[in-house]
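Following: one structure in structure tokens, then a few remarks.
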Amino acid sequence: MTNKDKPALTTERERFYEKIDKEHLAPLWTVLSDLVTPEPSSACVPHLWQYGPLKRYLLESGGLITAKEAERRVLVLENPGLRGTSKITTSLYAGLQLVLPGEIAPAHRHTQSALRFVMDGANGHTTVDGEKTIMNFGDFVITPPMAWHDHGNQSEEPMVWLDGLDIPMVSLYDASFAETFDQDAQPLSKGTGDSSARFGANMLPVDFNATGLASPIFNYPYARSRESLDVMRRQEEWDPCHGLKLRYINPVDGGFAMPTIGTYLQLLPKGFSTAPYRSTDATIFVVTEGRGLTIIDGQKFDWGPKDIFVVPSWKWVTHVVSDDAVLFSFSDRAAQQKLGYWREDRQHN
Ligand code: GTQ
């Protein structure tokens, strides 16, 4: 489809539109070029949140409301182009969650898939369907659709993590269900580490049959993913657009860890500049280590540890790295690939 001009508005046409409007009808030809665009056209804009102020506001919210009263004490990262919609991109929600020492964010479950990426603190926990996992900096933890989950913090320090959920996708389909559990913390039915023992050692229980689309591993510890990047680095095989980039997988089928959200960890060495890249999956990046800047659609964003930035769909992106950097990222690529929408484009030789 080309970018045609819209048909002119004549008095006669206008009168017709008014007439059919009363019958809940509308002419396609006045809106077609906005509906079916020649390439992605999004209200989502590039943006960066510095971690310092984010954490200060989050701790301040800790003095205003408990995790229990809030159910989830979270500051939502709202894309400046999508204010009032609780979206960081058109299809994704992100927020920073605080659990103070001794608190519990009570058990509930919902259709929406959630990821946690731990930003601050150590030895917090999440319990997912009867199994507790301990959360430390950089750990990537998932909550599959309709899995019971509650969060707690038995450490002495505040726990802060980034939540990423497919809330806008579930809303698009009007498919949301949610329930609360009748106790704050659900009972434990499995030992800590059970899932990673069964599914995280490059083995699967004999006769295992997957029941859902989400990975049966629900904690991907940073220590292990980080070590993989360090060992891979010795080969000096850098992708021009991504440096070294790994995808978190569901070990059952090699697919994405989550049904709708793709998650990644990448290493970019000091002095590296990535070749321009764009893709249809708007992406949220979390700087886990290092410093640099990212140019998104010509706009420059300087970043340091724990800063969070968003790259909209189909905008050219280049990272320029001043100190060895590790970036965690997530997007709706898992959904787009399942639906056959996803595209990418690279500028390099
Ligand atoms: O931890 O279950 O940021 O249900 C938003 C909705 C976190 C959670 C959020 C949620 C959760």
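Lettering and numbering for the structure tokens are positional, with chains as A, B, ... in the shown order, residues counted from 1 in each chain, and ligands counted from 1 in the shown order.
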
Kindly work out which residues sit at most 7 Å from ligand 1, using only C-alpha atoms and all ligand atoms, and give the list as a list in words. Arg72, Val74, Ala94, Gly95, Leu96, Gln97, His108, Ala114, His149, Asp163, Gly164 and Leu165 of chain A

Compile the contact shell of Val310 of chain A as a PyMOL selection string: residues with an atom at most 6 Å away, counting only C-alpha atoms, same-chain residues fewer than 2 positions apart removed. chain A and resi 46-47+283-284

Compile the contact shell of Leu246 of chain A as a list of chain:residue names: residues with an atom at most 12 Å away, counting only C-alpha atoms, same-chain residues fewer than 3 positions apart removed.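 Near neighbours after the sequence-gap exclusion: A:Arg224, A:Ser225, A:Arg226, A:Glu227, A:Ser228, A:Leu229, A:Asp230, A:Met232, A:Asp239, A:His242, A:Gly243, A:Ile249, A:Phe256, A:Gly262, A:Thr263, A:Tyr264, A:Leu265, A:Gln266, A:Leu267, A:Leu268, A:Val326, A:Leu327, A:Phe328, A:Ser329, A:Phe330.
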
Provide the atom CA of His319 of chain A to atom CA of Leu339 of chain A distance in Å, to one decimal place.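 It comes out at 28.7 Å.
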
Could you please write out, as a VMD selection string, every residue of segment 179-329 of chain A that DSSP assigns to strand (DSSP E or B)? chain A and resid 179 to 180 219 to 220 239 243 to 247 249 256 262 to 268 273 277 to 279 283 to 296 299 to 303 308 to 311 317 to 329

Neighbouring residues of segment 173-179 of chain A were defined as those with any atom within 12 Å, considering only C-alpha atoms; residues of the same chain fewer than 2 positions away were excluded. Please report them as a PDB file with all heavy atoms, in the first residue's frame.
ATOM      1  N   SER A  91       2.250  -2.602  23.513  1.00  0.00           N
ATOM      2  CA  SER A  91       1.793  -3.944  23.911  1.00  0.00           C
ATOM      3  C   SER A  91       2.270  -4.386  25.284  1.00  0.00           C
ATOM      4  O   SER A  91       1.907  -5.467  25.730  1.00  0.00           O
ATOM      5  CB  SER A  91       2.258  -4.965  22.875  1.00  0.00           C
ATOM      6  OG  SER A  91       3.678  -4.978  22.850  1.00  0.00           O
ATOM      7  N   PRO A 106       0.651  -9.994  48.604  1.00  0.00           N
ATOM      8  CA  PRO A 106      -0.183 -11.185  48.768  1.00  0.00           C
ATOM      9  C   PRO A 106      -0.414 -12.002  47.496  1.00  0.00           C
ATOM     10  O   PRO A 106      -0.381 -11.482  46.384  1.00  0.00           O
ATOM     11  CB  PRO A 106      -1.499 -10.624  49.323  1.00  0.00           C
ATOM     12  CG  PRO A 106      -1.468  -9.158  49.095  1.00  0.00           C
ATOM     13  CD  PRO A 106      -0.051  -8.741  48.965  1.00  0.00           C
ATOM     14  N   ALA A 107      -0.683 -13.282  47.711  1.00  0.00           N
ATOM     15  CA  ALA A 107      -0.819 -14.237  46.595  1.00  0.00           C
ATOM     16  C   ALA A 107      -2.048 -13.920  45.733  1.00  0.00           C
ATOM     17  O   ALA A 107      -3.131 -13.657  46.244  1.00  0.00           O
ATOM     18  CB  ALA A 107      -0.920 -15.655  47.146  1.00  0.00           C
ATOM     19  N   HIS A 108      -1.831 -13.940  44.451  1.00  0.00           N
ATOM     20  CA  HIS A 108      -2.919 -13.824  43.487  1.00  0.00           C
ATOM     21  C   HIS A 108      -2.491 -14.504  42.188  1.00  0.00           C
ATOM     22  O   HIS A 108      -1.364 -14.967  42.066  1.00  0.00           O
ATOM     23  CB  HIS A 108      -3.336 -12.350  43.281  1.00  0.00           C
ATOM     24  CG  HIS A 108      -2.354 -11.470  42.557  1.00  0.00           C
ATOM     25  ND1 HIS A 108      -2.443 -10.095  42.520  1.00  0.00           N
ATOM     26  CD2 HIS A 108      -1.238 -11.755  41.814  1.00  0.00           C
ATOM     27  CE1 HIS A 108      -1.462  -9.586  41.799  1.00  0.00           C
ATOM     28  NE2 HIS A 108      -0.723 -10.575  41.365  1.00  0.00           N
ATOM     29  N   ARG A 109      -3.419 -14.592  41.277  1.00  0.00           N
ATOM     30  CA  ARG A 109      -3.054 -15.129  39.954  1.00  0.00           C
ATOM     31  C   ARG A 109      -3.899 -14.455  38.896  1.00  0.00           C
ATOM     32  O   ARG A 109      -4.996 -13.951  39.170  1.00  0.00           O
ATOM     33  CB  ARG A 109      -3.202 -16.647  39.889  1.00  0.00           C
ATOM     34  CG  ARG A 109      -4.607 -17.159  40.065  1.00  0.00           C
ATOM     35  CD  ARG A 109      -4.610 -18.669  39.883  1.00  0.00           C
ATOM     36  NE  ARG A 109      -5.950 -19.213  39.958  1.00  0.00           N
ATOM     37  CZ  ARG A 109      -6.245 -20.471  39.657  1.00  0.00           C
ATOM     38  NH1 ARG A 109      -5.293 -21.308  39.258  1.00  0.00           N
ATOM     39  NH2 ARG A 109      -7.486 -20.910  39.752  1.00  0.00           N
ATOM     40  N   HIS A 110      -3.369 -14.427  37.687  1.00  0.00           N
ATOM     41  CA  HIS A 110      -4.065 -13.743  36.594  1.00  0.00           C
ATOM     42  C   HIS A 110      -3.609 -14.274  35.245  1.00  0.00           C
ATOM     43  O   HIS A 110      -2.583 -14.960  35.150  1.00  0.00           O
ATOM     44  CB  HIS A 110      -3.853 -12.221  36.692  1.00  0.00           C
ATOM     45  CG  HIS A 110      -2.474 -11.805  37.103  1.00  0.00           C
ATOM     46  ND1 HIS A 110      -1.380 -11.988  36.300  1.00  0.00           N
ATOM     47  CD2 HIS A 110      -2.003 -11.243  38.253  1.00  0.00           C
ATOM     48  CE1 HIS A 110      -0.301 -11.537  36.917  1.00  0.00           C
ATOM     49  NE2 HIS A 110      -0.637 -11.098  38.115  1.00  0.00           N
ATOM     50  N   THR A 111      -4.389 -13.938  34.234  1.00  0.00           N
ATOM     51  CA  THR A 111      -4.082 -14.367  32.870  1.00  0.00           C
ATOM     52  C   THR A 111      -2.756 -13.789  32.385  1.00  0.00           C
ATOM     53  O   THR A 111      -2.019 -14.429  31.633  1.00  0.00           O
ATOM     54  CB  THR A 111      -5.202 -13.871  31.911  1.00  0.00           C
ATOM     55  OG1 THR A 111      -6.454 -14.264  32.462  1.00  0.00           O
ATOM     56  CG2 THR A 111      -5.043 -14.432  30.522  1.00  0.00           C
ATOM     57  N   GLN A 112      -2.463 -12.564  32.801  1.00  0.00           N
ATOM     58  CA  GLN A 112      -1.278 -11.854  32.324  1.00  0.00           C
ATOM     59  C   GLN A 112       0.010 -12.570  32.770  1.00  0.00           C
ATOM     60  O   GLN A 112       0.112 -12.983  33.921  1.00  0.00           O
ATOM     61  CB  GLN A 112      -1.268 -10.421  32.880  1.00  0.00           C
ATOM     62  CG  GLN A 112      -2.365  -9.530  32.336  1.00  0.00           C
ATOM     63  CD  GLN A 112      -3.730  -9.729  32.985  1.00  0.00           C
ATOM     64  OE1 GLN A 112      -3.916 -10.564  33.871  1.00  0.00           O
ATOM     65  NE2 GLN A 112      -4.718  -8.967  32.550  1.00  0.00           N
ATOM     66  N   SER A 113       0.954 -12.694  31.870  1.00  0.00           N
ATOM     67  CA  SER A 113       2.284 -13.227  32.200  1.00  0.00           C
ATOM     68  C   SER A 113       3.123 -12.106  32.785  1.00  0.00           C
ATOM     69  O   SER A 113       3.025 -10.970  32.318  1.00  0.00           O
ATOM     70  CB  SER A 113       3.024 -13.675  30.942  1.00  0.00           C
ATOM     71  OG  SER A 113       2.373 -14.722  30.307  1.00  0.00           O
ATOM     72  N   PRO A 145       1.040 -17.505  32.957  1.00  0.00           N
ATOM     73  CA  PRO A 145      -0.379 -17.189  33.051  1.00  0.00           C
ATOM     74  C   PRO A 145      -1.088 -18.079  34.078  1.00  0.00           C
ATOM     75  O   PRO A 145      -0.853 -19.279  34.120  1.00  0.00           O
ATOM     76  CB  PRO A 145      -0.910 -17.509  31.645  1.00  0.00           C
ATOM     77  CG  PRO A 145       0.282 -17.376  30.749  1.00  0.00           C
ATOM     78  CD  PRO A 145       1.460 -17.782  31.574  1.00  0.00           C
ATOM     79  N   MET A 146      -1.896 -17.475  34.926  1.00  0.00           N
ATOM     80  CA  MET A 146      -2.718 -18.150  35.943  1.00  0.00           C
ATOM     81  C   MET A 146      -1.915 -18.930  36.987  1.00  0.00           C
ATOM     82  O   MET A 146      -2.472 -19.805  37.660  1.00  0.00           O
ATOM     83  CB  MET A 146      -3.768 -19.063  35.288  1.00  0.00           C
ATOM     84  CG  MET A 146      -4.930 -18.325  34.643  1.00  0.00           C
ATOM     85  SD  MET A 146      -5.522 -16.852  35.508  1.00  0.00           S
ATOM     86  CE  MET A 146      -6.846 -17.509  36.501  1.00  0.00           C
ATOM     87  N   ALA A 147      -0.646 -18.619  37.152  1.00  0.00           N
ATOM     88  CA  ALA A 147       0.146 -19.242  38.227  1.00  0.00           C
ATOM     89  C   ALA A 147      -0.007 -18.390  39.491  1.00  0.00           C
ATOM     90  O   ALA A 147       0.117 -17.162  39.433  1.00  0.00           O
ATOM     91  CB  ALA A 147       1.613 -19.337  37.815  1.00  0.00           C
ATOM     92  N   TRP A 148      -0.294 -19.031  40.619  1.00  0.00           N
ATOM     93  CA  TRP A 148      -0.370 -18.296  41.889  1.00  0.00           C
ATOM     94  C   TRP A 148       0.997 -17.730  42.207  1.00  0.00           C
ATOM     95  O   TRP A 148       2.015 -18.427  42.046  1.00  0.00           O
ATOM     96  CB  TRP A 148      -0.778 -19.245  43.029  1.00  0.00           C
ATOM     97  CG  TRP A 148      -2.192 -19.721  42.948  1.00  0.00           C
ATOM     98  CD1 TRP A 148      -2.605 -20.987  42.620  1.00  0.00           C
ATOM     99  CD2 TRP A 148      -3.372 -18.957  43.216  1.00  0.00           C
ATOM    100  NE1 TRP A 148      -3.984 -21.045  42.662  1.00  0.00           N
ATOM    101  CE2 TRP A 148      -4.483 -19.822  43.024  1.00  0.00           C
ATOM    102  CE3 TRP A 148      -3.613 -17.632  43.583  1.00  0.00           C
ATOM    103  CZ2 TRP A 148      -5.796 -19.405  43.194  1.00  0.00           C
ATOM    104  CZ3 TRP A 148      -4.932 -17.215  43.763  1.00  0.00           C
ATOM    105  CH2 TRP A 148      -6.008 -18.088  43.566  1.00  0.00           C
ATOM    106  N   HIS A 149       1.034 -16.470  42.651  1.00  0.00           N
ATOM    107  CA  HIS A 149       2.332 -15.905  43.023  1.00  0.00           C
ATOM    108  C   HIS A 149       2.197 -14.877  44.132  1.00  0.00           C
ATOM    109  O   HIS A 149       1.253 -14.088  44.146  1.00  0.00           O
ATOM    110  CB  HIS A 149       3.046 -15.299  41.808  1.00  0.00           C
ATOM    111  CG  HIS A 149       2.244 -14.293  41.040  1.00  0.00           C
ATOM    112  ND1 HIS A 149       1.179 -14.646  40.245  1.00  0.00           N
ATOM    113  CD2 HIS A 149       2.340 -12.943  40.946  1.00  0.00           C
ATOM    114  CE1 HIS A 149       0.661 -13.555  39.698  1.00  0.00           C
ATOM    115  NE2 HIS A 149       1.345 -12.504  40.111  1.00  0.00           N
ATOM    116  N   ASP A 166       2.378  -8.556  30.080  1.00  0.00           N
ATOM    117  CA  ASP A 166       1.699  -8.399  28.783  1.00  0.00           C
ATOM    118  C   ASP A 166       0.277  -7.863  28.975  1.00  0.00           C
ATOM    119  O   ASP A 166      -0.635  -8.249  28.229  1.00  0.00           O
ATOM    120  CB  ASP A 166       1.709  -9.735  28.020  1.00  0.00           C
ATOM    121  CG  ASP A 166       1.064 -10.870  28.805  1.00  0.00           C
ATOM    122  OD1 ASP A 166       0.570 -10.628  29.927  1.00  0.00           O
ATOM    123  OD2 ASP A 166       1.055 -12.009  28.289  1.00  0.00           O
ATOM    124  N   ILE A 167       0.104  -6.998  29.976  1.00  0.00           N
ATOM    125  CA  ILE A 167      -1.233  -6.460  30.301  1.00  0.00           C
ATOM    126  C   ILE A 167      -1.944  -5.889  29.060  1.00  0.00           C
ATOM    127  O   ILE A 167      -3.104  -6.229  28.798  1.00  0.00           O
ATOM    128  CB  ILE A 167      -1.124  -5.399  31.433  1.00  0.00           C
ATOM    129  CG1 ILE A 167      -0.765  -6.096  32.756  1.00  0.00           C
ATOM    130  CG2 ILE A 167      -2.418  -4.591  31.568  1.00  0.00           C
ATOM    131  CD1 ILE A 167      -0.454  -5.145  33.915  1.00  0.00           C
ATOM    132  N   PRO A 168      -1.288  -5.040  28.249  1.00  0.00           N
ATOM    133  CA  PRO A 168      -2.010  -4.478  27.088  1.00  0.00           C
ATOM    134  C   PRO A 168      -2.435  -5.539  26.069  1.00  0.00           C
ATOM    135  O   PRO A 168      -3.475  -5.385  25.425  1.00  0.00           O
ATOM    136  CB  PRO A 168      -0.997  -3.508  26.471  1.00  0.00           C
ATOM    137  CG  PRO A 168      -0.053  -3.174  27.586  1.00  0.00           C
ATOM    138  CD  PRO A 168       0.048  -4.426  28.401  1.00  0.00           C
ATOM    139  N   MET A 169      -1.653  -6.608  25.948  1.00  0.00           N
ATOM    140  CA  MET A 169      -2.039  -7.660  24.990  1.00  0.00           C
ATOM    141  C   MET A 169      -3.275  -8.390  25.473  1.00  0.00           C
ATOM    142  O   MET A 169      -4.192  -8.671  24.701  1.00  0.00           O
ATOM    143  CB  MET A 169      -0.898  -8.674  24.822  1.00  0.00           C
ATOM    144  CG  MET A 169       0.253  -8.148  24.012  1.00  0.00           C
ATOM    145  SD  MET A 169       1.417  -9.477  23.599  1.00  0.00           S
ATOM    146  CE  MET A 169       2.819  -8.938  24.565  1.00  0.00           C
ATOM    147  N   VAL A 170      -3.308  -8.704  26.770  1.00  0.00           N
ATOM    148  CA  VAL A 170      -4.468  -9.406  27.325  1.00  0.00           C
ATOM    149  C   VAL A 170      -5.703  -8.493  27.225  1.00  0.00           C
ATOM    150  O   VAL A 170      -6.804  -8.954  26.922  1.00  0.00           O
ATOM    151  CB  VAL A 170      -4.182  -9.870  28.766  1.00  0.00           C
ATOM    152  CG1 VAL A 170      -5.420 -10.507  29.385  1.00  0.00           C
ATOM    153  CG2 VAL A 170      -3.014 -10.862  28.784  1.00  0.00           C
ATOM    154  N   SER A 171      -5.492  -7.186  27.439  1.00  0.00           N
ATOM    155  CA  SER A 171      -6.609  -6.235  27.313  1.00  0.00           C
ATOM    156  C   SER A 171      -7.113  -6.175  25.879  1.00  0.00           C
ATOM    157  O   SER A 171      -8.324  -6.095  25.644  1.00  0.00           O
ATOM    158  CB  SER A 171      -6.174  -4.826  27.724  1.00  0.00           C
ATOM    159  OG  SER A 171      -5.752  -4.827  29.050  1.00  0.00           O
ATOM    160  N   PHE A 181      -5.796 -15.169  46.441  1.00  0.00           N
ATOM    161  CA  PHE A 181      -5.705 -16.372  47.274  1.00  0.00           C
ATOM    162  C   PHE A 181      -6.275 -16.021  48.646  1.00  0.00           C
ATOM    163  O   PHE A 181      -6.286 -14.852  49.024  1.00  0.00           O
ATOM    164  CB  PHE A 181      -4.219 -16.764  47.382  1.00  0.00           C
ATOM    165  CG  PHE A 181      -3.994 -18.197  47.768  1.00  0.00           C
ATOM    166  CD1 PHE A 181      -4.231 -19.222  46.863  1.00  0.00           C
ATOM    167  CD2 PHE A 181      -3.516 -18.521  49.037  1.00  0.00           C
ATOM    168  CE1 PHE A 181      -3.992 -20.541  47.211  1.00  0.00           C
ATOM    169  CE2 PHE A 181      -3.286 -19.847  49.390  1.00  0.00           C
ATOM    170  CZ  PHE A 181      -3.526 -20.858  48.478  1.00  0.00           C
ATOM    171  N   ASP A 182      -6.721 -17.023  49.399  1.00  0.00           N
ATOM    172  CA  ASP A 182      -7.331 -16.673  50.690  1.00  0.00           C
ATOM    173  C   ASP A 182      -6.309 -16.482  51.821  1.00  0.00           C
ATOM    174  O   ASP A 182      -6.690 -16.179  52.946  1.00  0.00           O
ATOM    175  CB  ASP A 182      -8.448 -17.658  51.070  1.00  0.00           C
ATOM    176  CG  ASP A 182      -7.960 -19.081  51.121  1.00  0.00           C
ATOM    177  OD1 ASP A 182      -6.728 -19.283  51.069  1.00  0.00           O
ATOM    178  OD2 ASP A 182      -8.794 -20.005  51.204  1.00  0.00           O
ATOM    179  N   GLN A 183      -5.029 -16.683  51.540  1.00  0.00           N
ATOM    180  CA  GLN A 183      -3.992 -16.328  52.524  1.00  0.00           C
ATOM    181  C   GLN A 183      -2.977 -15.430  51.811  1.00  0.00           C
ATOM    182  O   GLN A 183      -2.867 -15.495  50.596  1.00  0.00           O
ATOM    183  CB  GLN A 183      -3.229 -17.563  53.008  1.00  0.00           C
ATOM    184  CG  GLN A 183      -4.100 -18.657  53.601  1.00  0.00           C
ATOM    185  CD  GLN A 183      -3.390 -20.004  53.538  1.00  0.00           C
ATOM    186  OE1 GLN A 183      -2.260 -20.135  53.974  1.00  0.00           O
ATOM    187  NE2 GLN A 183      -4.057 -21.001  52.964  1.00  0.00           N
TER     188      GLN A 183
END

Report, in Å to a single decimal, how far apart atom CA of Phe285 of chain A and atom CA of Ser196 of chain A are.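 Between atom CA of Ser196 of chain A and atom CA of Phe285 of chain A the gap works out to 25.6 Å.
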
Using only C-alpha atoms, which of the listed residues (A:Thr143, A:Thr294, A:Ser279, A:Ser273) sits closest to Met258 of chain A?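 Smallest separation from Met258 of chain A among the options: A:Thr143.
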
At a cut-off of 9 Å, using only C-alpha atoms, what residues contact Ser195 of chain A? Leave out same-chain residues fewer than 3 positions from it and give the result as a list in words.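 Final neighbour list, sorted by chain and number: Glu131, Lys190, Gly191, Thr192, Arg198, Phe199, Gly200, Pro216, Ile217, Phe218 and Asn219 of chain A.
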
Within 8 Å of Ala282 of chain A, counting only C-alpha atoms, which residues show up once you throw out same-chain ones fewer than 6 positions away? Write them as JSON, numbers by chain, please. {"A": [89, 310, 311, 312, 313, 314, 331, 332]}

Go through A:Glu78, A:Asp207, A:Asp281, A:Glu71 one by one, measure the shortest atom-to-atom distance of each to His151 of chain A using only C-alpha atoms, and give the residue with the smallest value.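 Closest candidate: A:Glu71.
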
Restricting the calculation to only C-alpha atoms, which member of A:Asp5, A:Asp345, A:Glu157, A:Asp253 is positioned closest to Asp34 of chain A?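 Going through A:Asp5, A:Asp345, A:Glu157, A:Asp253 one by one, the smallest distance to Asp34 of chain A is for A:Asp5.
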
Enter the distance from atom CA of Phe301 of chain A to atom CA of Val317 of chain A, in Å, rounded to one decimal. 10.8 Å

Got a sec: who's within 9 Å of Gly102 of chain A, counting only C-alpha atoms, leaving out chain neighbours fewer than 6 positions off, as a tab-separated table (two decimals) with N, CA and C atoms, in the first residue's frame?
chain	number	residue	atom	x	y	z
A	152	GLY	N	7.89	-11.84	48.74
A	152	GLY	CA	8.23	-11.51	50.12
A	152	GLY	C	9.69	-11.09	50.23
A	153	ASN	N	10.00	-10.55	51.40
A	153	ASN	CA	11.38	-10.09	51.62
A	153	ASN	C	11.75	-10.34	53.07
A	154	GLN	N	12.53	-11.40	53.28
A	154	GLN	CA	12.98	-11.70	54.64
A	154	GLN	C	14.40	-11.19	54.89
A	155	SER	N	14.88	-10.33	53.98
A	155	SER	CA	16.22	-9.77	54.16
A	155	SER	C	16.11	-8.46	54.95
A	156	GLU	N	17.24	-7.81	55.12
A	156	GLU	CA	17.27	-6.55	55.88
A	156	GLU	C	17.18	-5.33	54.97

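Comparing the minimum interatomic distances between Asn136 of chain A and each of A:Leu75, A:Ile261, A:Leu115, A:Ala223, counting only C-alpha atoms, we find that A:Ala223 sits nearest.
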